[in-house]
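Trainee: Have a look at the structure that comes next, please.
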Amino acid sequence: MTPDSLVLTSTNECIEAGELLGFPVFVKGAVQSRKMQGWESCVANNHEELVRLTELLLKLKYSSRGRVIIKKLVKFLHKRLAPNGFPMGREFRCFIYNQQILKYGYYWDGQDDLSKLSKQEETQVLKLAILASERLGVPYIAIDIGQLESGEWIVIETADAQFASLSHIPALELWNKLKDIRY
């Protein structure tokens, strides 16, 4: 459901990981990526860059918790770049409790024509998010869904919903949904 990924706990694993996935790869901590610092902070084009990014992330304990995730780089549909040059792909964050969508919203800040979903696209995004949550079996989770340049929708990643940013989701609406849950 996601691009091929590996979890690294040391720079010693970089050679094998690069050989298995090929380059370029997206590199992030187990908790958080460094997208806000730009493309070069997240993408390794060769072994040396992978070692440098892995080493940096492992030092950032709150971003990595001792684990770095590398993923085969895929190209998301996008029309604009962040000020740091990062492509702002067509991505949606879904908050899910017990395989039920609480709220979802466009991932990136600002206005973007790509933030609007047709009914068919909305159905595809939400079905994929629910399927991912069913496979994980985690009660409360945030799941990011993105559209590739080919038009296909994929799971980008999952996150602990307690720590995930809300993106375009109104906080009070999400909190009210959580408040109304019957345990």
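Chain labels follow the order of the structure tokens: the first chain is A, the next B, and so on; residue numbering restarts at 1 in every chain, and ligands are counted from 1 in their shown order.
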Give me the residues within 12 Å of A:Lys177 as a list in words, counting only C-alpha atoms and dropping any in the same chain fewer than 2 places off.

Mentor: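 Once the nearby chain positions are removed, what remains is Phe95, Ile96, Tyr97, Gln100, Ile101, Leu102, Lys103, Tyr104, Ile169, Pro170, Ala171, Leu172, Glu173, Leu174, Trp175, Lys179, Asp180, Ile181 and Arg182 of chain A.
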
Trainee: Can you check which parts of stretch 65-146 of chain A lie within 12 Å of stretch 29-33 of chain A? Per residue, the shortest pair of atoms and distance in Å to one decimal, counting only C-alpha atoms, sorted by chain and number, as a Markdown table.

Mentor:
```
| residue | atom | partner | partner_atom | distance |
| --- | --- | --- | --- | --- |
| A:Arg65 | CA | A:Ala30 | CA | 6.5 |
| A:Gly66 | CA | A:Ala30 | CA | 7.7 |
| A:Arg67 | CA | A:Ala30 | CA | 5.4 |
| A:Val68 | CA | A:Gly29 | CA | 4.5 |
| A:Ile69 | CA | A:Gly29 | CA | 5.9 |
| A:Ile70 | CA | A:Gly29 | CA | 8.7 |
| A:Lys71 | CA | A:Gly29 | CA | 11.3 |
```

Trainee: Nearest residue to A:Met1 out of A:Arg90, A:Arg135, A:Arg52, A:Lys79, using only C-alpha atoms?

Mentor: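 Using only C-alpha atoms, A:Met1 sits closest to A:Arg135.
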
Trainee: For a test of reading the model, state the distance in Å between atom CA of A:Met36 and atom CA of A:Val155, rounded to one decimal.

Mentor: 20.3 Å

Trainee: Compile the contact shell of A:Pro24 as a list in words: residues with an atom at most 12 Å away, counting only C-alpha atoms, same-chain residues fewer than 5 positions apart removed.

Mentor: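 My reading of the contact set: Ala17, Gly18, Glu19, Trp39, Glu40, Cys42, Val43, Ala44, Asn45, Asn46, His47, Glu48, Glu49, Leu50, Ile70, Lys71, Lys72, Leu73, Val74 and Lys75 of chain A.
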